[in-house]
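S.K.: This is the content of input27.txt (compact mmCIF, C-alpha atoms and all ligand atoms):
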```txt
# COMPACT_ATOMS: atom_id res chain seq x y z
CA MET W 84 -28.32 6.68 20.67
CA LYS W 85 -26.32 9.88 20.95
CA ILE W 86 -25.92 13.15 19.09
CA ASP W 87 -23.46 15.50 20.80
CA GLY W 88 -23.59 13.33 23.90
CA LYS W 89 -27.40 13.58 24.23
CA HIS W 90 -29.69 10.59 23.76
CA HIS W 91 -32.04 10.79 20.77
CA GLN W 92 -34.49 8.62 18.88
CA SER W 93 -35.17 8.92 15.17
CA ILE W 94 -38.90 9.80 15.45
CA TRP W 95 -40.97 11.36 18.23
CA ILE W 96 -44.18 13.24 19.01
CA ASN W 97 -43.68 16.94 19.68
CA GLU W 98 -43.85 17.44 23.43
CA ASN W 99 -46.30 20.37 23.16
CA ASN W 100 -48.41 19.13 20.28
CA GLU W 101 -49.67 15.57 20.10
CA LYS W 102 -50.68 16.10 16.47
CA LEU W 103 -47.15 16.82 15.30
CA ILE W 104 -44.68 14.03 14.50
CA GLN W 105 -41.03 14.99 14.20
CA VAL W 106 -38.02 13.30 12.64
CA PHE W 107 -34.49 14.25 11.67
CA ASP W 108 -34.14 15.22 8.02
CA GLN W 109 -31.72 12.45 7.05
CA ARG W 110 -31.11 14.00 3.61
CA LEU W 111 -28.90 16.59 5.30
CA PHE W 112 -26.79 14.40 7.60
CA PRO W 113 -23.99 14.67 8.63
CA HIS W 114 -23.69 18.32 7.63
CA GLU W 115 -26.89 19.64 9.20
CA ILE W 116 -29.00 18.29 12.02
CA LYS W 117 -32.42 19.63 11.17
CA ILE W 118 -35.85 18.57 12.38
CA PHE W 119 -38.51 17.80 9.78
CA ASN W 120 -42.16 18.25 10.78
CA ILE W 121 -44.73 15.64 9.81
CA GLN W 122 -47.91 17.57 10.52
CA ASN W 123 -50.19 15.81 8.02
CA THR W 124 -50.41 12.73 5.81
CA ASP W 125 -48.92 14.52 2.79
CA ALA W 126 -45.80 15.22 4.84
CA ALA W 127 -45.64 11.57 5.99
CA ILE W 128 -45.87 10.35 2.39
CA PHE W 129 -43.26 12.89 1.27
CA ALA W 130 -40.89 11.98 4.13
CA ILE W 131 -40.84 8.29 3.19
CA LYS W 132 -40.76 8.77 -0.59
CA GLU W 133 -38.03 11.43 -0.58
CA MET W 134 -35.99 9.62 2.08
CA VAL W 135 -36.21 12.27 4.78
CA VAL W 136 -36.60 9.05 6.76
CA ARG W 137 -35.36 5.74 5.48
CA GLY W 138 -34.37 2.28 6.71
CA ALA W 139 -36.99 -0.47 6.82
CA PRO W 140 -38.08 -0.25 10.49
CA LEU W 141 -38.21 3.57 10.56
CA ILE W 142 -40.22 3.62 7.33
CA GLY W 143 -42.72 1.28 9.01
CA VAL W 144 -43.01 3.41 12.16
CA THR W 145 -43.37 6.61 10.11
CA ALA W 146 -46.21 5.00 8.15
CA ALA W 147 -47.84 3.96 11.44
CA TYR W 148 -47.82 7.59 12.64
CA GLY W 149 -48.96 8.61 9.15
CA LEU W 150 -52.09 6.54 9.69
CA TYR W 151 -52.63 8.18 13.09
CA LEU W 152 -52.54 11.52 11.23
CA ALA W 153 -54.96 10.04 8.67
CA CYS W 154 -57.41 9.31 11.51
CA LEU W 155 -57.10 12.93 12.69
CA GLU W 156 -57.74 14.19 9.15
CA ALA W 157 -60.64 11.75 8.76
CA GLN W 158 -62.64 13.85 11.27
CA LYS W 159 -63.43 16.20 8.40
CA GLU W 160 -64.35 13.44 5.94
CA SER W 161 -67.85 12.21 5.18
CA ASN W 162 -66.55 8.64 4.98
CA PRO W 163 -63.60 8.32 7.42
CA ASP W 164 -62.93 4.64 6.66
CA ILE W 165 -62.56 5.23 2.93
CA TYR W 166 -60.25 8.18 3.62
CA ILE W 167 -58.02 6.15 5.97
CA GLU W 168 -57.86 3.27 3.45
CA GLU W 169 -56.88 5.72 0.71
CA ILE W 170 -54.00 7.13 2.80
CA ALA W 171 -52.91 3.58 3.66
CA ARG W 172 -52.79 2.78 -0.06
CA LYS W 173 -50.71 5.91 -0.78
CA LEU W 174 -48.31 5.18 2.08
CA ALA W 175 -47.86 1.58 0.90
CA GLN W 176 -46.82 2.83 -2.54
CA THR W 177 -44.06 5.13 -1.32
CA ARG W 178 -41.26 2.53 -1.30
CA PRO W 179 -41.78 -0.99 -2.60
CA THR W 180 -38.95 -3.13 -1.21
CA ALA W 181 -39.05 -2.79 2.60
CA VAL W 182 -41.81 -5.09 3.82
CA ASN W 183 -41.94 -3.36 7.24
CA LEU W 184 -43.94 -0.63 5.54
CA VAL W 185 -46.83 -2.89 4.54
CA TRP W 186 -46.49 -4.83 7.79
CA ALA W 187 -46.92 -1.66 9.90
CA ILE W 188 -49.80 -0.41 7.72
CA ASN W 189 -51.65 -3.73 8.10
CA GLU W 190 -51.06 -3.78 11.86
CA MET W 191 -52.47 -0.25 12.09
CA LEU W 192 -55.51 -0.88 9.85
CA ARG W 193 -56.41 -4.02 11.80
CA VAL W 194 -56.81 -2.06 15.04
CA ILE W 195 -58.13 1.18 13.52
CA HIS W 196 -61.06 -0.77 12.03
CA GLN W 197 -62.02 -1.80 15.56
CA GLY W 198 -62.71 1.83 16.54
CA LYS W 199 -66.41 2.65 16.29
CA SER W 200 -66.12 6.44 16.09
CA VAL W 201 -63.37 8.56 14.51
CA GLU W 202 -62.36 9.70 18.02
CA GLU W 203 -61.92 6.10 19.03
CA LYS W 204 -59.91 5.38 15.88
CA ILE W 205 -57.60 8.32 16.66
CA ASN W 206 -56.90 7.04 20.17
CA ILE W 207 -56.38 3.47 19.01
CA ALA W 208 -54.07 4.59 16.17
CA LEU W 209 -51.91 6.73 18.45
CA GLN W 210 -51.61 3.94 20.98
CA LYS W 211 -50.72 1.36 18.31
CA ALA W 212 -48.12 3.57 16.58
CA ASN W 213 -46.49 4.22 19.99
CA GLU W 214 -46.54 0.48 20.66
CA ILE W 215 -44.91 -0.40 17.29
CA LYS W 216 -42.23 2.20 18.02
CA LYS W 217 -41.57 0.89 21.53
CA GLU W 218 -41.44 -2.71 20.32
CA ASP W 219 -38.90 -1.81 17.65
CA ILE W 220 -36.56 -0.41 20.31
CA GLU W 221 -36.86 -3.58 22.41
CA ILE W 222 -36.36 -5.80 19.35
CA CYS W 223 -33.24 -3.93 18.24
CA PHE W 224 -31.83 -4.20 21.76
CA LYS W 225 -32.38 -7.98 21.72
CA ILE W 226 -30.76 -8.27 18.28
CA GLY W 227 -27.75 -6.52 19.80
CA GLU W 228 -27.58 -9.01 22.67
CA TYR W 229 -27.52 -11.99 20.29
CA GLY W 230 -25.09 -10.28 17.93
CA LEU W 231 -22.81 -9.46 20.85
CA PHE W 232 -22.49 -13.17 21.54
CA LEU W 233 -21.03 -13.65 18.02
CA ILE W 234 -18.61 -10.74 18.41
CA LYS W 235 -17.51 -12.07 21.81
CA LYS W 236 -16.71 -15.46 20.28
CA ILE W 237 -14.55 -13.86 17.60
CA ALA W 238 -12.83 -11.62 20.17
CA GLU W 239 -12.02 -14.72 22.24
CA SER W 240 -10.64 -16.57 19.22
CA LYS W 241 -8.47 -13.53 18.44
CA GLN W 242 -7.32 -13.39 22.06
CA GLY W 243 -8.62 -9.88 22.56
CA LYS W 244 -7.20 -8.40 19.34
CA THR W 245 -9.47 -5.93 17.53
CA VAL W 246 -12.55 -7.47 15.89
CA ASN W 247 -13.02 -5.95 12.44
CA ILE W 248 -16.63 -5.76 11.31
CA LEU W 249 -17.75 -4.64 7.87
CA THR W 250 -21.17 -3.12 7.32
CA HIS W 251 -23.02 -1.78 4.29
CA CYS W 252 -25.47 1.12 4.06
CA ASN W 253 -27.04 2.25 7.33
CA ALA W 254 -28.85 -0.28 9.47
CA GLY W 255 -28.21 1.86 12.52
CA TRP W 256 -30.39 3.77 14.98
CA LEU W 257 -31.24 6.25 12.23
CA ALA W 258 -32.76 3.39 10.22
CA THR W 259 -34.73 2.16 13.21
CA ILE W 260 -35.76 4.07 16.34
CA ASP W 261 -32.80 3.34 18.58
CA TRP W 262 -29.84 0.91 18.63
CA GLY W 263 -30.23 -0.15 14.97
CA THR W 264 -30.14 -3.73 13.75
CA ALA W 265 -26.64 -4.29 12.29
CA THR W 266 -25.16 -1.66 14.62
CA SER W 267 -26.82 -2.84 17.84
CA PRO W 268 -24.24 -5.63 18.36
CA MET W 269 -21.50 -3.05 17.76
CA TYR W 270 -22.91 -0.64 20.35
CA GLN W 271 -23.29 -3.46 22.84
CA ALA W 272 -19.77 -4.72 22.13
CA GLN W 273 -18.51 -1.23 22.94
CA GLN W 274 -20.43 -1.30 26.23
CA ALA W 275 -18.92 -4.73 26.96
CA GLU W 276 -15.49 -3.19 26.36
CA ILE W 277 -14.70 -5.43 23.43
CA ASP W 278 -12.19 -3.90 21.07
CA ILE W 279 -13.98 -3.45 17.73
CA HIS W 280 -13.37 -1.52 14.54
CA VAL W 281 -15.94 -1.04 11.80
CA TRP W 282 -15.33 -0.80 8.05
CA VAL W 283 -18.05 1.49 6.72
CA ASP W 284 -18.97 1.09 3.03
CA GLU W 285 -19.82 4.51 1.62
CA THR W 286 -22.87 2.95 -0.15
CA ARG W 287 -23.38 4.71 -3.43
CA PRO W 288 -25.47 6.31 -4.75
CA ARG W 289 -26.99 7.99 -1.67
CA ASN W 290 -24.00 7.31 0.57
CA GLN W 291 -25.94 6.20 3.66
CA GLY W 292 -22.71 4.59 4.93
CA ALA W 293 -20.66 7.77 4.60
CA ASN W 294 -23.42 10.14 5.70
CA LEU W 295 -25.24 8.16 8.36
CA THR W 296 -23.29 5.13 9.63
CA ALA W 297 -20.04 7.09 9.88
CA PHE W 298 -21.98 9.85 11.67
CA GLU W 299 -23.53 7.41 14.15
CA LEU W 300 -20.29 5.60 14.95
CA ASN W 301 -18.44 8.87 15.24
CA GLN W 302 -21.00 10.24 17.70
CA GLN W 303 -20.83 7.02 19.69
CA GLY W 304 -17.05 6.92 19.71
CA ILE W 305 -16.73 3.58 17.93
CA PRO W 306 -13.52 3.28 15.89
CA HIS W 307 -14.39 3.06 12.20
CA THR W 308 -12.93 3.68 8.76
CA LEU W 309 -14.85 4.77 5.67
CA ILE W 310 -14.14 2.76 2.52
CA THR W 311 -15.41 2.93 -1.05
CA ASP W 312 -17.96 0.27 -1.91
CA ASN W 313 -15.38 -1.67 -3.92
CA THR W 314 -12.84 -2.05 -1.13
CA GLY W 315 -14.48 -4.81 0.93
CA GLY W 316 -13.24 -7.72 -1.23
CA HIS W 317 -9.65 -6.53 -1.03
CA LEU W 318 -9.84 -6.19 2.77
CA MET W 319 -11.32 -9.67 3.06
CA GLN W 320 -8.55 -11.21 0.94
CA HIS W 321 -6.00 -9.69 3.33
CA GLY W 322 -7.54 -10.92 6.58
CA MET W 323 -8.75 -7.46 7.55
CA VAL W 324 -12.42 -8.38 8.06
CA ASP W 325 -13.55 -10.83 10.76
CA MET W 326 -17.26 -10.66 10.10
CA VAL W 327 -19.88 -8.81 8.07
CA ILE W 328 -23.16 -7.61 9.60
CA VAL W 329 -25.78 -5.94 7.41
CA GLY W 330 -29.47 -5.13 7.71
CA THR W 331 -32.30 -6.13 5.40
CA ASP W 332 -35.45 -4.67 3.91
CA ARG W 333 -37.18 -8.01 3.29
CA THR W 334 -36.13 -11.58 3.95
CA THR W 335 -38.06 -14.44 2.37
CA ARG W 336 -39.10 -17.67 4.05
CA ASN W 337 -36.16 -19.52 2.52
CA GLY W 338 -33.73 -16.87 3.79
CA ASP W 339 -33.05 -14.79 0.67
CA VAL W 340 -32.15 -11.28 1.76
CA ALA W 341 -33.07 -8.00 0.06
CA ASN W 342 -30.84 -5.16 1.20
CA LYS W 343 -29.17 -2.04 -0.15
CA ILE W 344 -27.65 -2.44 -3.61
CA GLY W 345 -24.15 -3.89 -3.30
CA THR W 346 -24.91 -6.20 -0.37
CA TYR W 347 -24.84 -9.23 -2.67
CA LEU W 348 -21.28 -8.47 -3.81
CA LYS W 349 -20.13 -8.22 -0.17
CA ALA W 350 -21.72 -11.58 0.53
CA LEU W 351 -19.96 -13.16 -2.46
CA ALA W 352 -16.61 -11.80 -1.35
CA ALA W 353 -17.22 -12.97 2.23
CA TYR W 354 -18.18 -16.45 1.00
CA ASP W 355 -15.05 -16.70 -1.15
CA ASN W 356 -12.90 -15.74 1.84
CA ASN W 357 -14.66 -17.84 4.47
CA ILE W 358 -15.79 -14.81 6.43
CA PRO W 359 -19.08 -15.04 8.36
CA PHE W 360 -21.81 -12.92 6.76
CA TYR W 361 -24.67 -12.14 9.17
CA VAL W 362 -27.94 -10.35 8.53
CA ALA W 363 -29.60 -8.59 11.48
CA LEU W 364 -33.37 -8.20 11.30
CA PRO W 365 -36.52 -7.67 13.31
CA SER W 366 -39.23 -10.26 12.57
CA SER W 367 -41.30 -7.50 10.90
CA THR W 368 -38.79 -7.75 8.02
CA LEU W 369 -39.62 -11.41 7.37
CA ASP W 370 -41.91 -12.00 4.41
CA CYS W 371 -42.83 -15.67 4.68
CA SER W 372 -45.45 -15.33 1.93
CA ILE W 373 -42.66 -15.59 -0.63
CA ALA W 374 -39.73 -17.96 -1.10
CA ASP W 375 -37.54 -16.83 -3.99
CA GLY W 376 -36.15 -13.34 -3.41
CA ILE W 377 -34.77 -12.87 -6.92
CA LYS W 378 -38.06 -13.72 -8.61
CA GLU W 379 -40.51 -12.36 -6.06
CA ILE W 380 -39.15 -9.20 -4.42
CA SER W 381 -39.88 -5.93 -6.16
CA ILE W 382 -36.68 -3.89 -6.37
CA GLU W 383 -37.11 -0.13 -6.09
CA THR W 384 -35.71 1.90 -8.99
CA ARG W 385 -35.06 5.52 -8.07
CA ASP W 386 -34.29 8.68 -10.02
CA GLN W 387 -31.19 8.49 -12.24
CA ASN W 388 -29.98 11.82 -10.89
CA GLU W 389 -29.09 10.13 -7.59
CA VAL W 390 -26.37 8.31 -9.60
CA LYS W 391 -25.37 11.20 -11.86
CA TYR W 392 -24.98 13.72 -9.05
CA ILE W 393 -23.23 13.47 -5.72
CA GLN W 394 -24.14 15.57 -2.67
CA GLY W 395 -21.65 17.05 -0.25
CA LYS W 396 -20.63 20.16 1.62
CA VAL W 397 -18.77 22.84 -0.31
CA ASP W 398 -17.71 26.13 1.32
CA GLY W 399 -20.10 25.54 4.19
CA GLU W 400 -23.10 24.77 1.94
CA ILE W 401 -24.70 21.46 0.97
CA LYS W 402 -24.44 21.15 -2.81
CA SER W 403 -24.94 18.59 -5.56
CA VAL W 404 -22.35 18.13 -8.29
CA LEU W 405 -22.63 16.33 -11.62
CA ILE W 406 -20.10 13.47 -11.92
CA CYS W 407 -20.68 12.32 -15.51
CA PRO W 408 -21.53 13.86 -18.91
CA GLU W 409 -24.89 15.60 -18.60
CA THR W 410 -26.45 13.46 -21.34
CA THR W 411 -25.26 10.10 -19.96
CA SER W 412 -28.18 8.04 -18.77
CA ALA W 413 -27.97 6.13 -15.51
CA ILE W 414 -30.02 3.43 -13.82
CA ASN W 415 -30.55 3.40 -10.08
CA TYR W 416 -31.55 0.09 -8.53
CA GLY W 417 -31.98 0.61 -4.79
CA PHE W 418 -31.58 -2.97 -3.56
CA ASP W 419 -30.29 -6.41 -4.50
CA ILE W 420 -30.90 -9.96 -3.35
CA THR W 421 -28.36 -12.03 -1.49
CA PRO W 422 -29.31 -15.68 -1.89
CA ALA W 423 -29.66 -17.58 1.39
CA LYS W 424 -26.68 -19.83 0.61
CA TYR W 425 -24.31 -16.90 1.18
CA VAL W 426 -25.81 -15.93 4.54
CA THR W 427 -24.14 -17.46 7.61
CA GLY W 428 -27.05 -16.64 9.89
CA LEU W 429 -29.95 -14.33 10.69
CA ILE W 430 -29.67 -12.37 13.95
CA THR W 431 -33.22 -11.80 15.19
CA GLU W 432 -34.92 -10.74 18.41
CA ARG W 433 -35.49 -14.41 19.24
CA GLY W 434 -31.97 -15.61 18.57
CA ILE W 435 -29.75 -16.57 15.66
CA CYS W 436 -30.97 -18.99 13.03
CA LYS W 437 -29.93 -20.39 9.69
CA ALA W 438 -31.11 -18.46 6.63
CA SER W 439 -33.46 -21.25 5.62
CA GLU W 440 -37.12 -22.16 5.96
CA GLU W 441 -36.23 -24.63 8.69
CA GLY W 442 -34.18 -22.05 10.58
CA ILE W 443 -36.78 -19.28 10.35
CA ARG W 444 -39.59 -21.70 11.25
CA SER W 445 -37.70 -22.80 14.36
CA LEU W 446 -37.80 -19.22 15.75
CA PHE W 447 -40.98 -17.83 14.16
CA PRO W 448 -43.44 -20.72 13.61
CA GLU W 449 -46.36 -18.27 13.67
CA LYS W 450 -45.08 -16.63 10.48
CA PHE W 451 -45.92 -19.71 8.39
O1 LIG K 501 -32.67 3.05 0.94
P1 LIG K 501 -32.55 2.93 2.44
O2 LIG K 501 -31.61 3.90 3.03
O3 LIG K 501 -33.91 2.96 3.10
O4 LIG K 501 -31.95 1.50 2.66
C1 LIG K 501 -31.70 1.04 3.95
C2 LIG K 501 -31.14 -0.34 3.99
O5 LIG K 501 -30.88 -0.95 2.98
C3 LIG K 501 -31.00 -0.96 5.35
O6 LIG K 501 -29.92 -1.84 5.37
C4 LIG K 501 -32.29 -1.73 5.70
O7 LIG K 501 -33.41 -0.91 5.51
C5 LIG K 501 -32.27 -2.25 7.07
S1 LIG K 501 -32.40 -0.95 8.27
C6 LIG K 501 -32.38 -1.65 9.81
```
Represent the structure contained in this file as structure tokens.
Ligand code: MRU

M.R.:
Amino acid sequence: MKIDGKHHQSIWINENNEKLIQVFDQRLFPHEIKIFNIQNTDAAIFAIKEMVVRGAPLIGVTAAYGLYLACLEAQKESNPDIYIEEIARKLAQTRPTAVNLVWAINEMLRVIHQGKSVEEKINIALQKANEIKKEDIEICFKIGEYGLFLIKKIAESKQGKTVNILTHCNAGWLATIDWGTATSPMYQAQQAEIDIHVWVDETRPRNQGANLTAFELNQQGIPHTLITDNTGGHLMQHGMVDMVIVGTDRTTRNGDVANKIGTYLKALAAYDNNIPFYVALPSSTLDCSIADGIKEISIETRDQNEVKYIQGKVDGEIKSVLICPETTSAINYGFDITPAKYVTGLITERGICKASEEGIRSLFPEKF
């Protein structure tokens, strides 16, 4: 999608150096648009762990390129396979909740092992990482087409009046490669000239809604309004939200959804107010090896300082300020689980299904 009117993707290979992967440093958005170089596996691990890149699909693609870099580094190793496995293990440990990470690593290892020499492994890894990236773009586009159908239906029922969509966190092009998952239907609705407006949850503590989703929508010219995380319920009670679309980091075979902390409360409020609550996801986010999200999904806990401090721009400089007594301790859960019963439907690249084993099986039988 666009930055200053020019099309961009969230990750790319440097045009003059095939051994250099580049991304936007998402820790600085929207105040600075700076490129971050991933020139080795340490940088790939750092980028995922420190959230230079974030969002389940982009984490997966970054790990895929990280393994390509591991193959390049393995040229200097006495046992290349052990080295590549070790990097795969380190990459897998960077963030525990998004299943796309492990999915992409497994996809990469499967093909890398087929290479007989290190040179062959390098070529195979580069090709596969490019393929995973390309597929993600196509998948997100498809998700948008199916999601557009839902928005169109609401627009028709409202006789062309503005469709108000609420979203949480950033499941946009910056969380994927292009289009996004939750935002793809919004971008396609704009192209179809449907009148939409998006309520953007700020998404404490790291404010991906305020920093990233608001940035994306602003660049794309989609009408939106930033709200505090606690405002959604009030808007829903007053008929100001027609539908909710969020992303997910892992969805179980019975349709339980892990997503950014606070998603569950939006789903509860939507349920109480009879507002459709949709989850947009690529099939790489499905984890059909588990059923019960609350019991079986590992929820990332991050540094307490992300809660105690807030980052913003002051006098032209990006700064962090303390928002509580210095000695107060905080806890920082990154994600929560929305039980399947609160999810109206899953918007996938193969269509929309119920958030249930039966629904998921009907679209993705090979996952079981
Ligand atoms: O901690 P983040 O910023 O990686 O969390 C991102 C989300 O929760 C997204 O909603 C999810 O990864 C889906 S992105 C298409």

S.K.: Calculated over only C-alpha atoms, which of the candidates W:Glu169, W:Asp87, W:Asp284, W:Asp261 has the smallest distance to Asn301 of chain W?

M.R.: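 Among the listed residues, W:Asp87 lies closest to Asn301 of chain W.
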
S.K.: Extract, using all atoms listed in the file, all DNA, RNA and protein residues at most 9 Å from segment 237-239 of chain W, discarding same-chain residues fewer than 5 positions from it, and format them as a list of chain:residue names.

M.R.: W:Phe232, W:Lys244, W:Thr245, W:Val246, W:Ile277, W:Asp278, W:Ile279, W:Asp325, W:Met326

S.K.: Could you give me the residues within 6 Å of ligand LIG 501 (chain K), counting all atoms listed in the file, as a PyMOL selection string?

M.R.: chain W and resi 137-140+252-254+258-259+263-264+330-332+342-343

S.K.: Mind giving me the straight-line distance from atom CA of Val390 of chain W to atom CA of Gly292 of chain W in Å, one decimal?

M.R.: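 Going from atom CA of Val390 of chain W over to atom CA of Gly292 of chain W, I get 15.4 Å.
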
S.K.: Would you please work out which residue, of W:Glu299, W:Glu276, W:Asp398, W:Glu214, is nearest to Met84 of chain W when using only C-alpha atoms?

M.R.: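 With only C-alpha atoms as the atom set, the closest residue is W:Glu299.
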
S.K.: Please provide the set of residues having any atom within 9 Å of Ile380 of chain W, restricted to all atoms listed in the file, with same-chain residues fewer than 6 positions apart removed, written as a PDB file with C-alpha atoms, in the coordinates of the input.

M.R.:
```
ATOM      1  CA  PRO W 179     -41.780  -0.990  -2.600  1.00  0.00           C
ATOM      2  CA  THR W 180     -38.950  -3.130  -1.210  1.00  0.00           C
ATOM      3  CA  ARG W 333     -37.180  -8.010   3.290  1.00  0.00           C
ATOM      4  CA  THR W 335     -38.060 -14.440   2.370  1.00  0.00           C
ATOM      5  CA  ALA W 341     -33.070  -8.000   0.060  1.00  0.00           C
ATOM      6  CA  ILE W 373     -42.660 -15.590  -0.630  1.00  0.00           C
ATOM      7  CA  ILE W 420     -30.900  -9.960  -3.350  1.00  0.00           C
TER       8      ILE W 420
END
```

S.K.: Put a box with edges along x, y and z around all the listed atoms of segment 149-168 of chain W, pad it by 6 Å on each side, then give me its centre and sizes in Å, one decimal, as JSON.

M.R.:
```
{"center_x": -58.4, "center_y": 9.7, "center_z": 8.0, "size_x": 30.9, "size_y": 24.9, "size_z": 22.2}
```

S.K.: Measure the distance from atom CA of Leu351 of chain W to atom CA of Pro365 of chain W in Å and round it to one decimal.

M.R.: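 Atom-to-atom, atom CA of Leu351 of chain W to atom CA of Pro365 of chain W, that is 23.5 Å.
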
S.K.: What lies within 9 Å of Lys102 of chain W using all atoms listed in the file, ignoring chain neighbours under 6 positions off, as JSON, numbers by chain?

M.R.: {"W": [96, 121, 122, 123, 151, 152, 155]}

S.K.: Take the point (-32.3, -18.1, 2.5) as written in the file and pick out every residue within 9 Å of it, counting all atoms listed in the file; give the list as a ChimeraX atom specification.

M.R.: /W:334-340,374-376,421-426,437-440

S.K.: Under the rule of at most 9 Å, produce a per-residue listing of segment 323-442 of chain W near segment 446-449 of chain W: chain, number, name, the closest pair of atoms, and the distance in Å, as CSV, using all atoms listed in the file.

M.R.:
```
residue,atom,partner,partner_atom,distance
W:Ser366,CA,W:Phe447,CA,7.9
W:Thr431,CA,W:Leu446,CA,8.7
W:Arg433,CA,W:Leu446,CA,6.4
W:Gly434,CA,W:Leu446,CA,7.4
W:Ile435,CA,W:Leu446,CA,8.5
W:Cys436,CA,W:Leu446,CA,7.4
W:Gly442,CA,W:Leu446,CA,6.9
```

S.K.: Could you pull segment 104-118 of chain W out of the block above and give me N, CA, C and O atoms, as a short mmCIF file (atom, residue, chain, number, x, y, z; two decimals), in the first residue's frame?

M.R.:
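Okay, this is what ended up in result_19.cif:
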```cif
data_model
loop_
_atom_site.label_atom_id
_atom_site.label_comp_id
_atom_site.auth_asym_id
_atom_site.auth_seq_id
_atom_site.Cartn_x
_atom_site.Cartn_y
_atom_site.Cartn_z
N ILE W 104 18.39 -7.85 3.55
CA ILE W 104 16.92 -7.76 3.65
C ILE W 104 16.62 -6.42 4.33
O ILE W 104 17.29 -6.05 5.30
N GLN W 105 15.60 -5.73 3.85
CA GLN W 105 15.26 -4.44 4.45
C GLN W 105 13.79 -4.37 4.83
O GLN W 105 12.93 -4.96 4.17
N VAL W 106 13.55 -3.67 5.94
CA VAL W 106 12.18 -3.49 6.45
C VAL W 106 12.06 -2.05 6.94
O VAL W 106 13.08 -1.37 7.10
N PHE W 107 10.84 -1.63 7.22
CA PHE W 107 10.67 -0.35 7.90
C PHE W 107 10.82 -0.59 9.40
O PHE W 107 10.32 -1.61 9.91
N ASP W 108 11.45 0.35 10.08
CA ASP W 108 11.55 0.21 11.54
C ASP W 108 10.23 0.68 12.14
O ASP W 108 9.98 1.88 12.32
N GLN W 109 9.37 -0.28 12.46
CA GLN W 109 8.00 0.06 12.89
C GLN W 109 7.95 0.64 14.31
O GLN W 109 6.91 1.12 14.74
N ARG W 110 9.10 0.61 15.01
CA ARG W 110 9.12 1.21 16.35
C ARG W 110 9.04 2.74 16.26
O ARG W 110 8.73 3.39 17.24
N LEU W 111 9.33 3.27 15.09
CA LEU W 111 9.41 4.74 14.95
C LEU W 111 8.19 5.35 14.27
O LEU W 111 8.03 6.57 14.25
N PHE W 112 7.33 4.52 13.70
CA PHE W 112 6.14 5.05 13.02
C PHE W 112 5.24 5.73 14.03
O PHE W 112 5.18 5.29 15.17
N PRO W 113 4.49 6.73 13.68
CA PRO W 113 4.38 7.39 12.39
C PRO W 113 5.34 8.58 12.27
O PRO W 113 5.30 9.29 11.29
N HIS W 114 6.20 8.73 13.29
CA HIS W 114 7.01 9.96 13.36
C HIS W 114 8.19 9.94 12.41
O HIS W 114 8.60 10.96 11.89
N GLU W 115 8.79 8.75 12.24
CA GLU W 115 9.93 8.63 11.33
C GLU W 115 9.76 7.41 10.45
O GLU W 115 9.41 6.34 10.95
N ILE W 116 10.04 7.57 9.18
CA ILE W 116 10.01 6.43 8.26
C ILE W 116 11.46 6.08 8.00
O ILE W 116 12.14 6.77 7.22
N LYS W 117 11.94 5.06 8.69
CA LYS W 117 13.36 4.73 8.60
C LYS W 117 13.50 3.27 8.20
O LYS W 117 12.75 2.41 8.69
N ILE W 118 14.48 2.99 7.35
CA ILE W 118 14.70 1.60 6.92
C ILE W 118 15.65 0.91 7.90
O ILE W 118 16.63 1.51 8.36
#
```
